[in-house]
Amino acid sequence: MASSANKNINAKLVLLGDVGAGKSSLVLRFVKGQFVEFQESTIGAAFFSQTVAVNDATVKFEIWDTAGQERYHSLAPMYYRGAAAAIIVYDITNQASFDRAKKWVQELQAQGNPNMVMALAGNKADMLDGRAVAPEDAQTYAQENGLFFLETSAKTAANVNEIFYEIAKRLPRLQQTPNPSGMVLVDRPTERANSASCCS
Amino acid sequence: MPSDSNSTSSNYSSGRDDENPNSDPNSKPEPQLEPEPEPEPEPEPNKNPHLIDQSLDALENQLASISMSSRSPTVTFEGEEEDDVESREQPKSMNGSFSEEIEAGGDADSLEVGRHFESDSKAESSGVNGENISFTWLDAPEVDEVERPLSPGSSGYAGEMGSTSGGDEIVDDDEDDSDIRGVENDGVLGSNNQSVSGKRHADEDDASVSWRKRKKHFFILSHSGKPIYSRYGDEYKLAGFSATLQAIISFVENGGDRVNLVRAGKHQVVFLVKGPIYLVCISCTEEPYESLKGQLELLYGQMILILTKSVNRCFEKNPKFDMTSLLGGTDAVFSSLIHSLSWNPATFLHAYSCLPLAYATRQAAASILQDVAGSGVLFALLMCKHKVISLVSAQKASLHPDDILLLSNFIMSSESFRTSESFSPICLPRYNPMAFLYAYVHYFDIDTYVVLLTTSSDAFYHLKDCRIRIEIVLSNSNVLSEVQRSLVDGGMRIEDLLVEPTSRAGAVSSHLGQPRPGAGTPGRTADGSIGIGGPAGLWHFVYRSIYLDQYVSSEFSPPINSLRQQKRLYRAYQRLYASMHEKAIGPHKTQFRRDENYVLLCWVTQDFELFAAFDPLADKALAIKVCNRVCQWVKDVENEIFLLGASPFSW
Ligand SMILES: Nc1nc2c(ncn2[C@@H]2O[C@H](COP(=O)(O)OP(=O)(O)O)[C@@H](O)[C@H]2O)c(=O)[nH]1
Ligand SMILES: [Mg+2]
């Protein structure tokens, strides 16, 4: 959810996508300005925050970098529910990761917040030699599904800040309740959590 | 050593006054280890006459052939429900040659003959057992198949063949240099495992010479024979071998038994069946069957921690379900666990250990954890590497030491937790194997981290707030710097153990109740004890408090220097532990073993278990005296080395 108070907006943002697409690398580039060749697999989900200034407001992103492993799939809603924005990441050198990205988009459309700002990131754009997904295909798909699309490279930093800024600009400004306590307000019953399992 | 060295030295100065418990007038009616009535352990008679010495190569052929026929007694199986007692009531010789039992590498207990299978049909037919399992490559050993062009001799898995036989050629991966960072201060080696990353030797398959020479293999496979995890080599390339293992398990299961152990020459193959999941260890390390089985249990527990036991449902839906993808990215977790089986006594003691800290320091940590535990946190743990600083749980919940081990292994071996705070589903197998809990993990510094566990998937922001409160208290009370200091100072050192209270009375500083030479002196020259160890030839000890579920292990020091020696000592303890636990334990039980490597002394009472290693030439009466002294010492400093008043089982 996004909340505003004196033009300071808190926005929960979730990164989804196949393992190895570069979600963690994108976040680390955006938050810490770093890139490592051998990024370790994420376990569960890691939390980061980063503030950006757009026009007349500051947006504090509360970022969930999810693991993307199959075992956590049924648990993904706990990370994307209530999110104001999502970046669905695929690896331009890997067609399967693009297919996987489409599945995430479907799931978000079915389950997520209808006002969610969704971005499609074709990452590893520096690896043109290995390209497997044409940008036109991704662009078409994005348009059809109401996402905006950028090719990014966590390695070279190309379009990384841009994609977050673009999201910040598109966030609905005056959305519902502020969230002073920082608690996520959810309507789901907690039993769901108790019975959660990896392949339920 | 904790913050307040003044207060601690005064705490323990009185303890030093009654250095010798035998002469201590105040000594409580505590158990004393006496030299005389010594029920020494019974070396089992040479126990495997019915086993022929076979290479693992031959074993493999047997594995293949038993799926086709079943008659001759070449491989023995232990029926699962075999009465353990019976096998242990074998004639016992009362002589003192305990070394034989250790050196012979036998484990009589596991040699009960359950069923016999024929194995002479080495290459008769291509056995196909069940769907999609083909043994062609096993049964036609002379045919080099395309996908195994490097096969040195014949069929798949072989421990020793021709000139490659001989234990010294077998690669014990735990001793790879790349694997071990060095001796840590706390006496447990390499278990932090930042150095163990991912699968090693993923290029290997069961035809690689290097793969065959590995000393200890671990496999996880599904009941349909699909590989799930292999310590070495790529799971998919090992599919053929996995199918072989599955075939033997199915065969025996169908016959109403469960395979627990196959012995082939130097190799033991230990099986553990957990519903649709089979775990297998192939080892020539001569560890007792019970130890290897316990290791497989831990491996299974680690898998449950990642997935919960509800993975079983996937197999109900689809028996041929491929589980490898569910474990994606967790190779490092398993290799780190397997690695710690060699270095971390917690893996066989089923107890946890605490970082030595001043009582007040640990209390400061405990009270803030207690605070947050009141607010919807199920368990709160503050850890330094694999050691507990403090832990607290909500009412009635209890935390098993094995869960602490598996949880800390999981966190420390996953680099991802260090990058930022995280919130991940994990399952504590001993708490509830069916459901996920949610773990908030945050590192305060490179070694120290907090884990807050909750049942609520929505609790992240609350836990984050809790962590901030914890962090404030920890930094206000200097806990984190005390933790760093403790890491530098280390734990109990045998050199600091004084048998006679007066011998080093002049020492100024105090560490864990004992005077020590100036801090930072790498070699201890004080009384020429370097290279000799502690008094009476004491080299090392491990003390496990039964009611606390905690243990303390002395620092390693000369002459137990090398990683190899340390690992060998742990294996010896492990064997001792297994032998002490095979029968109902009386109120007091002792073992005294002497071999060319050590004198090992084990003393089990209702309150504690002590394992001590001495110089092989150590005098027995003196050694016993020193053991009494060690126990006294542990009691003297228990405020610092244990987490008191908070046994995980007694909340
Ligand atoms: N060349 C290149 N490699 C990348 C890029 N982003 C990530 N990687 C690499 O791809 C691998 C997986 O990245 P990671 O961030 O862990 O993916 P995640 O599983 O989606 O979090 C790592 O080895 C990264 O170094 C990129 O933009 N260019
Ligand atoms: Mg990642």
# chains A, B, ... in the order shown; residues from 1 in each chain; ligands from 1
>>> residues_near_ligand(ligand="ligand 1", cutoff="9 Å", atoms="only C-alpha atoms and all ligand atoms", output="PDB file with N, CA and C atoms, in the first residue's frame")
ATOM      1  N   LEU A  15       9.870  -7.668  -5.633  1.00  0.00           N
ATOM      2  CA  LEU A  15      10.489  -8.168  -6.857  1.00  0.00           C
ATOM      3  C   LEU A  15      10.176  -9.645  -6.996  1.00  0.00           C
ATOM      4  N   LEU A  16       9.670 -10.003  -8.158  1.00  0.00           N
ATOM      5  CA  LEU A  16       9.333 -11.388  -8.419  1.00  0.00           C
ATOM      6  C   LEU A  16      10.020 -11.821  -9.696  1.00  0.00           C
ATOM      7  N   GLY A  17      10.211 -13.119  -9.829  1.00  0.00           N
ATOM      8  CA  GLY A  17      10.838 -13.622 -11.047  1.00  0.00           C
ATOM      9  C   GLY A  17      11.633 -14.865 -10.750  1.00  0.00           C
ATOM     10  N   ASP A  18      12.075 -15.472 -11.824  1.00  0.00           N
ATOM     11  CA  ASP A  18      12.792 -16.732 -11.718  1.00  0.00           C
ATOM     12  C   ASP A  18      14.081 -16.580 -10.908  1.00  0.00           C
ATOM     13  N   VAL A  19      14.511 -17.696 -10.335  1.00  0.00           N
ATOM     14  CA  VAL A  19      15.809 -17.717  -9.678  1.00  0.00           C
ATOM     15  C   VAL A  19      16.874 -17.355 -10.706  1.00  0.00           C
ATOM     16  N   GLY A  20      17.748 -16.469 -10.340  1.00  0.00           N
ATOM     17  CA  GLY A  20      18.864 -16.143 -11.233  1.00  0.00           C
ATOM     18  C   GLY A  20      18.571 -15.055 -12.239  1.00  0.00           C
ATOM     19  N   ALA A  21      17.345 -14.521 -12.229  1.00  0.00           N
ATOM     20  CA  ALA A  21      17.025 -13.471 -13.193  1.00  0.00           C
ATOM     21  C   ALA A  21      17.759 -12.172 -12.864  1.00  0.00           C
ATOM     22  N   GLY A  22      18.097 -12.018 -11.607  1.00  0.00           N
ATOM     23  CA  GLY A  22      18.846 -10.820 -11.220  1.00  0.00           C
ATOM     24  C   GLY A  22      18.085  -9.895 -10.287  1.00  0.00           C
ATOM     25  N   LYS A  23      17.114 -10.417  -9.581  1.00  0.00           N
ATOM     26  CA  LYS A  23      16.332  -9.591  -8.655  1.00  0.00           C
ATOM     27  C   LYS A  23      17.224  -8.998  -7.566  1.00  0.00           C
ATOM     28  N   SER A  24      17.983  -9.863  -6.914  1.00  0.00           N
ATOM     29  CA  SER A  24      18.845  -9.367  -5.836  1.00  0.00           C
ATOM     30  C   SER A  24      19.866  -8.387  -6.379  1.00  0.00           C
ATOM     31  N   SER A  25      20.375  -8.681  -7.551  1.00  0.00           N
ATOM     32  CA  SER A  25      21.380  -7.790  -8.134  1.00  0.00           C
ATOM     33  C   SER A  25      20.789  -6.419  -8.433  1.00  0.00           C
ATOM     34  N   LEU A  26      19.564  -6.397  -8.924  1.00  0.00           N
ATOM     35  CA  LEU A  26      18.920  -5.109  -9.192  1.00  0.00           C
ATOM     36  C   LEU A  26      18.730  -4.320  -7.905  1.00  0.00           C
ATOM     37  N   VAL A  27      18.288  -5.005  -6.849  1.00  0.00           N
ATOM     38  CA  VAL A  27      18.062  -4.302  -5.592  1.00  0.00           C
ATOM     39  C   VAL A  27      19.379  -3.788  -5.025  1.00  0.00           C
ATOM     40  N   LEU A  28      20.391  -4.627  -5.066  1.00  0.00           N
ATOM     41  CA  LEU A  28      21.668  -4.190  -4.501  1.00  0.00           C
ATOM     42  C   LEU A  28      22.260  -3.042  -5.304  1.00  0.00           C
ATOM     43  N   PHE A  35      27.474  -4.309  -7.372  1.00  0.00           N
ATOM     44  CA  PHE A  35      27.162  -5.487  -8.171  1.00  0.00           C
ATOM     45  C   PHE A  35      28.217  -6.541  -7.893  1.00  0.00           C
ATOM     46  N   VAL A  36      27.790  -7.788  -7.664  1.00  0.00           N
ATOM     47  CA  VAL A  36      28.770  -8.865  -7.527  1.00  0.00           C
ATOM     48  C   VAL A  36      28.462  -9.937  -8.564  1.00  0.00           C
ATOM     49  N   GLU A  37      29.539 -10.474  -9.133  1.00  0.00           N
ATOM     50  CA  GLU A  37      29.375 -11.503 -10.170  1.00  0.00           C
ATOM     51  C   GLU A  37      28.641 -12.708  -9.610  1.00  0.00           C
ATOM     52  N   PHE A  38      28.982 -13.095  -8.382  1.00  0.00           N
ATOM     53  CA  PHE A  38      28.418 -14.328  -7.852  1.00  0.00           C
ATOM     54  C   PHE A  38      27.492 -14.035  -6.683  1.00  0.00           C
ATOM     55  N   GLN A  39      26.350 -13.543  -7.056  1.00  0.00           N
ATOM     56  CA  GLN A  39      25.342 -13.231  -6.061  1.00  0.00           C
ATOM     57  C   GLN A  39      24.757 -14.528  -5.502  1.00  0.00           C
ATOM     58  N   GLU A  40      24.749 -14.644  -4.174  1.00  0.00           N
ATOM     59  CA  GLU A  40      24.206 -15.870  -3.567  1.00  0.00           C
ATOM     60  C   GLU A  40      22.689 -15.922  -3.714  1.00  0.00           C
ATOM     61  N   SER A  41      22.182 -17.133  -3.799  1.00  0.00           N
ATOM     62  CA  SER A  41      20.726 -17.304  -3.856  1.00  0.00           C
ATOM     63  C   SER A  41      20.070 -16.690  -2.626  1.00  0.00           C
ATOM     64  N   THR A  42      18.978 -16.063  -2.868  1.00  0.00           N
ATOM     65  CA  THR A  42      18.215 -15.495  -1.760  1.00  0.00           C
ATOM     66  C   THR A  42      17.426 -16.608  -1.066  1.00  0.00           C
ATOM     67  N   ASP A  65      12.833  -8.431  -1.706  1.00  0.00           N
ATOM     68  CA  ASP A  65      13.535  -9.207  -2.735  1.00  0.00           C
ATOM     69  C   ASP A  65      13.236 -10.679  -2.450  1.00  0.00           C
ATOM     70  N   THR A  66      12.390 -11.266  -3.243  1.00  0.00           N
ATOM     71  CA  THR A  66      11.980 -12.652  -2.960  1.00  0.00           C
ATOM     72  C   THR A  66      12.960 -13.638  -3.580  1.00  0.00           C
ATOM     73  N   ALA A  67      12.833 -14.883  -3.137  1.00  0.00           N
ATOM     74  CA  ALA A  67      13.819 -15.876  -3.544  1.00  0.00           C
ATOM     75  C   ALA A  67      13.553 -16.430  -4.935  1.00  0.00           C
ATOM     76  N   GLY A  68      12.305 -16.565  -5.274  1.00  0.00           N
ATOM     77  CA  GLY A  68      11.993 -17.098  -6.592  1.00  0.00           C
ATOM     78  C   GLY A  68      12.044 -18.603  -6.689  1.00  0.00           C
ATOM     79  N   GLN A  69      12.495 -19.278  -5.636  1.00  0.00           N
ATOM     80  CA  GLN A  69      12.517 -20.732  -5.706  1.00  0.00           C
ATOM     81  C   GLN A  69      11.115 -21.297  -5.629  1.00  0.00           C
ATOM     82  N   VAL A  89      10.912  -9.608 -12.913  1.00  0.00           N
ATOM     83  CA  VAL A  89      12.217  -9.620 -13.553  1.00  0.00           C
ATOM     84  C   VAL A  89      12.393 -10.908 -14.349  1.00  0.00           C
ATOM     85  N   TYR A  90      12.909 -10.754 -15.562  1.00  0.00           N
ATOM     86  CA  TYR A  90      13.379 -11.937 -16.283  1.00  0.00           C
ATOM     87  C   TYR A  90      14.770 -11.654 -16.813  1.00  0.00           C
ATOM     88  N   ASP A  91      15.377 -12.688 -17.302  1.00  0.00           N
ATOM     89  CA  ASP A  91      16.740 -12.619 -17.814  1.00  0.00           C
ATOM     90  C   ASP A  91      16.645 -12.670 -19.336  1.00  0.00           C
ATOM     91  N   GLY A 122      13.537  -6.585 -18.156  1.00  0.00           N
ATOM     92  CA  GLY A 122      14.341  -7.561 -18.899  1.00  0.00           C
ATOM     93  C   GLY A 122      15.781  -7.321 -18.505  1.00  0.00           C
ATOM     94  N   ASN A 123      16.261  -8.101 -17.566  1.00  0.00           N
ATOM     95  CA  ASN A 123      17.563  -7.818 -16.973  1.00  0.00           C
ATOM     96  C   ASN A 123      18.691  -8.528 -17.744  1.00  0.00           C
ATOM     97  N   LYS A 124      19.895  -8.180 -17.391  1.00  0.00           N
ATOM     98  CA  LYS A 124      21.126  -8.645 -18.040  1.00  0.00           C
ATOM     99  C   LYS A 124      21.214  -8.116 -19.472  1.00  0.00           C
ATOM    100  N   ALA A 125      20.728  -6.900 -19.638  1.00  0.00           N
ATOM    101  CA  ALA A 125      20.732  -6.294 -20.955  1.00  0.00           C
ATOM    102  C   ALA A 125      22.148  -6.089 -21.478  1.00  0.00           C
ATOM    103  N   ASP A 126      23.115  -6.195 -20.603  1.00  0.00           N
ATOM    104  CA  ASP A 126      24.511  -6.104 -21.066  1.00  0.00           C
ATOM    105  C   ASP A 126      24.935  -7.340 -21.846  1.00  0.00           C
ATOM    106  N   MET A 127      24.203  -8.415 -21.713  1.00  0.00           N
ATOM    107  CA  MET A 127      24.618  -9.673 -22.354  1.00  0.00           C
ATOM    108  C   MET A 127      23.910  -9.841 -23.698  1.00  0.00           C
ATOM    109  N   THR A 152      17.080  -3.752 -18.357  1.00  0.00           N
ATOM    110  CA  THR A 152      17.979  -3.245 -17.313  1.00  0.00           C
ATOM    111  C   THR A 152      19.267  -4.052 -17.293  1.00  0.00           C
ATOM    112  N   SER A 153      20.256  -3.504 -16.660  1.00  0.00           N
ATOM    113  CA  SER A 153      21.445  -4.291 -16.346  1.00  0.00           C
ATOM    114  C   SER A 153      21.924  -3.914 -14.949  1.00  0.00           C
ATOM    115  N   ALA A 154      21.844  -4.879 -14.074  1.00  0.00           N
ATOM    116  CA  ALA A 154      22.361  -4.625 -12.730  1.00  0.00           C
ATOM    117  C   ALA A 154      23.868  -4.459 -12.790  1.00  0.00           C
ATOM    118  N   LYS A 155      24.460  -5.089 -13.796  1.00  0.00           N
ATOM    119  CA  LYS A 155      25.912  -5.046 -13.906  1.00  0.00           C
ATOM    120  C   LYS A 155      26.403  -3.655 -14.300  1.00  0.00           C
ATOM    121  N   THR A 156      25.812  -3.114 -15.347  1.00  0.00           N
ATOM    122  CA  THR A 156      26.256  -1.796 -15.807  1.00  0.00           C
ATOM    123  C   THR A 156      25.452  -0.664 -15.183  1.00  0.00           C
ATOM    124  N   ALA A 157      24.416  -1.000 -14.448  1.00  0.00           N
ATOM    125  CA  ALA A 157      23.510  -0.030 -13.814  1.00  0.00           C
ATOM    126  C   ALA A 157      22.518   0.581 -14.797  1.00  0.00           C
ATOM    127  N   ALA A 158      22.556   0.152 -16.024  1.00  0.00           N
ATOM    128  CA  ALA A 158      21.657   0.745 -17.020  1.00  0.00           C
ATOM    129  C   ALA A 158      20.197   0.545 -16.628  1.00  0.00           C
TER     130      ALA A 158
END
>>> residues_around(residues="A:Ala83", least_positions_apart="2", cutoff="10 Å", atoms="only C-alpha atoms", output="PDB file with N, CA and C atoms, in the first residue's frame")
ATOM      1  N   MET A   1       0.844  -1.179   0.000  1.00  0.00           N
ATOM      2  CA  MET A   1       0.000   0.000   0.000  1.00  0.00           C
ATOM      3  C   MET A   1       0.881   1.232   0.000  1.00  0.00           C
ATOM      4  N   ALA A   2       0.386   2.269  -0.508  1.00  0.00           N
ATOM      5  CA  ALA A   2       1.141   3.517  -0.471  1.00  0.00           C
ATOM      6  C   ALA A   2       0.424   4.482   0.447  1.00  0.00           C
ATOM      7  N   ALA A  11       6.063   3.108   0.192  1.00  0.00           N
ATOM      8  CA  ALA A  11       5.514   2.198  -0.810  1.00  0.00           C
ATOM      9  C   ALA A  11       6.186   0.844  -0.697  1.00  0.00           C
ATOM     10  N   LYS A  12       5.356  -0.145  -0.534  1.00  0.00           N
ATOM     11  CA  LYS A  12       5.888  -1.509  -0.518  1.00  0.00           C
ATOM     12  C   LYS A  12       6.056  -1.981  -1.953  1.00  0.00           C
ATOM     13  N   LEU A  13       7.244  -2.489  -2.237  1.00  0.00           N
ATOM     14  CA  LEU A  13       7.552  -2.932  -3.588  1.00  0.00           C
ATOM     15  C   LEU A  13       8.101  -4.355  -3.519  1.00  0.00           C
ATOM     16  N   VAL A  14       7.644  -5.203  -4.387  1.00  0.00           N
ATOM     17  CA  VAL A  14       8.111  -6.586  -4.365  1.00  0.00           C
ATOM     18  C   VAL A  14       8.763  -6.930  -5.701  1.00  0.00           C
ATOM     19  N   GLU A  62       9.859   0.247   0.430  1.00  0.00           N
ATOM     20  CA  GLU A  62      10.146  -0.884   1.302  1.00  0.00           C
ATOM     21  C   GLU A  62      10.139  -2.109   0.393  1.00  0.00           C
ATOM     22  N   ILE A  63      11.327  -2.583   0.144  1.00  0.00           N
ATOM     23  CA  ILE A  63      11.512  -3.520  -0.970  1.00  0.00           C
ATOM     24  C   ILE A  63      11.645  -4.946  -0.463  1.00  0.00           C
ATOM     25  N   TRP A  64      10.861  -5.825  -1.025  1.00  0.00           N
ATOM     26  CA  TRP A  64      11.002  -7.254  -0.755  1.00  0.00           C
ATOM     27  C   TRP A  64      11.650  -7.931  -1.934  1.00  0.00           C
ATOM     28  N   PRO A  77       2.437 -14.879  -1.725  1.00  0.00           N
ATOM     29  CA  PRO A  77       1.448 -13.837  -1.380  1.00  0.00           C
ATOM     30  C   PRO A  77       1.814 -13.059  -0.135  1.00  0.00           C
ATOM     31  N   MET A  78       2.496 -13.692   0.804  1.00  0.00           N
ATOM     32  CA  MET A  78       2.808 -12.929   2.012  1.00  0.00           C
ATOM     33  C   MET A  78       3.774 -11.796   1.708  1.00  0.00           C
ATOM     34  N   TYR A  79       4.480 -11.895   0.600  1.00  0.00           N
ATOM     35  CA  TYR A  79       5.373 -10.802   0.246  1.00  0.00           C
ATOM     36  C   TYR A  79       4.704  -9.802  -0.686  1.00  0.00           C
ATOM     37  N   TYR A  80       3.832 -10.261  -1.587  1.00  0.00           N
ATOM     38  CA  TYR A  80       3.287  -9.280  -2.528  1.00  0.00           C
ATOM     39  C   TYR A  80       1.958  -8.683  -2.073  1.00  0.00           C
ATOM     40  N   ARG A  81       1.340  -9.290  -1.074  1.00  0.00           N
ATOM     41  CA  ARG A  81       0.054  -8.689  -0.724  1.00  0.00           C
ATOM     42  C   ARG A  81       0.284  -7.338  -0.051  1.00  0.00           C
ATOM     43  N   ALA A  85       3.654  -1.760  -5.517  1.00  0.00           N
ATOM     44  CA  ALA A  85       4.355  -1.906  -6.793  1.00  0.00           C
ATOM     45  C   ALA A  85       5.069  -3.251  -6.851  1.00  0.00           C
ATOM     46  N   ALA A  86       5.260  -3.701  -8.071  1.00  0.00           N
ATOM     47  CA  ALA A  86       6.006  -4.939  -8.260  1.00  0.00           C
ATOM     48  C   ALA A  86       6.912  -4.786  -9.467  1.00  0.00           C
ATOM     49  N   GLY A 112      -3.455  -9.896  -6.743  1.00  0.00           N
ATOM     50  CA  GLY A 112      -2.845  -8.704  -6.150  1.00  0.00           C
ATOM     51  C   GLY A 112      -3.789  -7.519  -6.125  1.00  0.00           C
ATOM     52  N   ASN A 113      -3.239  -6.451  -5.681  1.00  0.00           N
ATOM     53  CA  ASN A 113      -3.921  -5.170  -5.616  1.00  0.00           C
ATOM     54  C   ASN A 113      -4.122  -4.645  -7.047  1.00  0.00           C
ATOM     55  N   ASN A 115      -4.621  -1.809  -8.152  1.00  0.00           N
ATOM     56  CA  ASN A 115      -3.948  -0.537  -8.431  1.00  0.00           C
ATOM     57  C   ASN A 115      -2.440  -0.650  -8.415  1.00  0.00           C
ATOM     58  N   MET A 116      -1.975  -1.867  -8.292  1.00  0.00           N
ATOM     59  CA  MET A 116      -0.529  -2.062  -8.179  1.00  0.00           C
ATOM     60  C   MET A 116       0.176  -1.569  -9.442  1.00  0.00           C
ATOM     61  N   VAL A 117       1.261  -0.871  -9.246  1.00  0.00           N
ATOM     62  CA  VAL A 117       2.093  -0.465 -10.382  1.00  0.00           C
ATOM     63  C   VAL A 117       3.026  -1.614 -10.711  1.00  0.00           C
ATOM     64  N   VAL A 184       1.859  -4.034   8.626  1.00  0.00           N
ATOM     65  CA  VAL A 184       1.114  -4.292   7.400  1.00  0.00           C
ATOM     66  C   VAL A 184      -0.324  -4.570   7.790  1.00  0.00           C
TER      67      VAL A 184
END
>>> interface_residues(of="chain B", to="chain A", cutoff="6 Å", atoms="only C-alpha atoms", output="PDB file with N, CA, C and O atoms, in the first residue's frame")
ATOM      1  N   LEU B 307      11.686 -27.444   3.927  1.00  0.00           N
ATOM      2  CA  LEU B 307      10.475 -27.733   3.145  1.00  0.00           C
ATOM      3  C   LEU B 307       9.244 -28.097   3.962  1.00  0.00           C
ATOM      4  O   LEU B 307       8.145 -28.107   3.413  1.00  0.00           O
ATOM      5  N   LEU B 326      12.729 -28.129  -5.549  1.00  0.00           N
ATOM      6  CA  LEU B 326      12.285 -27.539  -4.290  1.00  0.00           C
ATOM      7  C   LEU B 326      13.460 -27.183  -3.391  1.00  0.00           C
ATOM      8  O   LEU B 326      13.349 -26.339  -2.513  1.00  0.00           O
ATOM      9  N   GLY B 329      19.170 -24.028  -4.567  1.00  0.00           N
ATOM     10  CA  GLY B 329      19.932 -23.017  -3.837  1.00  0.00           C
ATOM     11  C   GLY B 329      20.321 -23.418  -2.425  1.00  0.00           C
ATOM     12  O   GLY B 329      20.820 -22.584  -1.680  1.00  0.00           O
ATOM     13  N   SER B 416      22.825 -15.183   1.940  1.00  0.00           N
ATOM     14  CA  SER B 416      21.760 -14.215   1.725  1.00  0.00           C
ATOM     15  C   SER B 416      21.309 -13.524   3.014  1.00  0.00           C
ATOM     16  O   SER B 416      20.901 -12.368   2.993  1.00  0.00           O
ATOM     17  N   GLU B 421      18.300  -7.549   6.431  1.00  0.00           N
ATOM     18  CA  GLU B 421      17.383  -8.296   7.281  1.00  0.00           C
ATOM     19  C   GLU B 421      16.464  -9.120   6.390  1.00  0.00           C
ATOM     20  O   GLU B 421      16.169  -8.753   5.262  1.00  0.00           O
ATOM     21  N   SER B 422      16.011 -10.252   6.891  1.00  0.00           N
ATOM     22  CA  SER B 422      15.156 -11.058   6.032  1.00  0.00           C
ATOM     23  C   SER B 422      14.077 -11.753   6.838  1.00  0.00           C
ATOM     24  O   SER B 422      14.125 -11.816   8.074  1.00  0.00           O
ATOM     25  N   PHE B 423      13.123 -12.224   6.117  1.00  0.00           N
ATOM     26  CA  PHE B 423      11.939 -12.823   6.730  1.00  0.00           C
ATOM     27  C   PHE B 423      11.600 -14.039   5.885  1.00  0.00           C
ATOM     28  O   PHE B 423      11.204 -13.900   4.732  1.00  0.00           O
ATOM     29  N   SER B 424      11.836 -15.211   6.452  1.00  0.00           N
ATOM     30  CA  SER B 424      11.754 -16.413   5.632  1.00  0.00           C
ATOM     31  C   SER B 424      10.995 -17.511   6.334  1.00  0.00           C
ATOM     32  O   SER B 424      11.119 -17.676   7.545  1.00  0.00           O
ATOM     33  N   ALA B 435       4.562 -27.670   9.772  1.00  0.00           N
ATOM     34  CA  ALA B 435       4.219 -26.286   9.439  1.00  0.00           C
ATOM     35  C   ALA B 435       5.442 -25.383   9.428  1.00  0.00           C
ATOM     36  O   ALA B 435       6.416 -25.606  10.138  1.00  0.00           O
ATOM     37  N   SER B 456       3.185 -16.098  12.694  1.00  0.00           N
ATOM     38  CA  SER B 456       2.391 -15.191  11.867  1.00  0.00           C
ATOM     39  C   SER B 456       3.189 -14.681  10.678  1.00  0.00           C
ATOM     40  O   SER B 456       4.247 -14.076  10.824  1.00  0.00           O
ATOM     41  N   SER B 457       2.648 -14.889   9.491  1.00  0.00           N
ATOM     42  CA  SER B 457       3.365 -14.450   8.302  1.00  0.00           C
ATOM     43  C   SER B 457       3.283 -12.934   8.125  1.00  0.00           C
ATOM     44  O   SER B 457       3.904 -12.383   7.230  1.00  0.00           O
ATOM     45  N   TYR B 461       6.971  -6.457  10.252  1.00  0.00           N
ATOM     46  CA  TYR B 461       7.262  -5.120  10.771  1.00  0.00           C
ATOM     47  C   TYR B 461       7.321  -5.107  12.289  1.00  0.00           C
ATOM     48  O   TYR B 461       8.103  -4.377  12.886  1.00  0.00           O
TER      49      TYR B 461
END
>>> select_by_dssp(residues="chain A", states="strand (DSSP E or B)", output="NGL selection string")
:A and (2-5 or 8-17 or 45-54 or 57-66 or 85-91 or 117-123 or 148-151)
>>> residues_around(residues="stretch 539-553 of chain B", least_positions_apart="6", cutoff="7 Å", atoms="only C-alpha atoms", output="list in words")
Gly187, Ala351, Tyr352, Ser353, Pro401, Ile494, Gly533, Ile560, Asp607, Phe608, Glu609, Leu610, Phe611, Ala612, Ala613, Phe614, Asp615, Phe642 and Ser647 of chain B
>>> closest_residue(among="B:Gly328, B:Gly537, B:Pro425, B:Gly294", to="B:Ala439", atoms="only C-alpha atoms")
B:Pro425
>>> residues_around(residues="stretch 474-479 of chain B", least_positions_apart="5", cutoff="10 Å", atoms="only C-alpha atoms", output="list in words")
Pro2, Ser3, Leu357, Ala358, Ala360, Thr361, Arg362, Gln363, Ala364, Ala365, Ile368, Ile389, Phe444, Ile468, Arg469, Gln484 and Arg485 of chain B
>>> write_last_selection(atoms="C-alpha atoms", output="short mmCIF file (atom, residue, chain, number, x, y, z; two decimals), in the first residue's frame")
data_model
loop_
_atom_site.label_atom_id
_atom_site.label_comp_id
_atom_site.auth_asym_id
_atom_site.auth_seq_id
_atom_site.Cartn_x
_atom_site.Cartn_y
_atom_site.Cartn_z
CA PRO B 2 32.95 -10.99 29.47
CA SER B 3 32.98 -7.39 30.34
CA LEU B 357 30.02 -14.64 28.74
CA ALA B 358 29.82 -12.95 32.10
CA ALA B 360 25.45 -10.20 33.83
CA THR B 361 26.10 -9.82 30.13
CA ARG B 362 24.09 -12.88 29.25
CA GLN B 363 21.34 -11.71 31.57
CA ALA B 364 21.13 -8.38 29.81
CA ALA B 365 20.60 -10.18 26.54
CA ILE B 368 15.42 -8.02 26.33
CA ILE B 389 24.32 -16.11 23.56
CA PHE B 444 24.29 -7.27 14.14
CA ILE B 468 15.48 -2.45 16.87
CA ARG B 469 14.61 -2.58 20.56
CA GLN B 484 33.60 -10.08 20.29
CA ARG B 485 35.87 -10.20 23.30
#
>>> select_by_dssp(residues="stretch 234-429 of chain B", states="helix (DSSP H, G or I)", output="ChimeraX atom specification")
/B:239-254,289-307,311-317,324-327,331-343,346-349,359-373,401-413,416-419
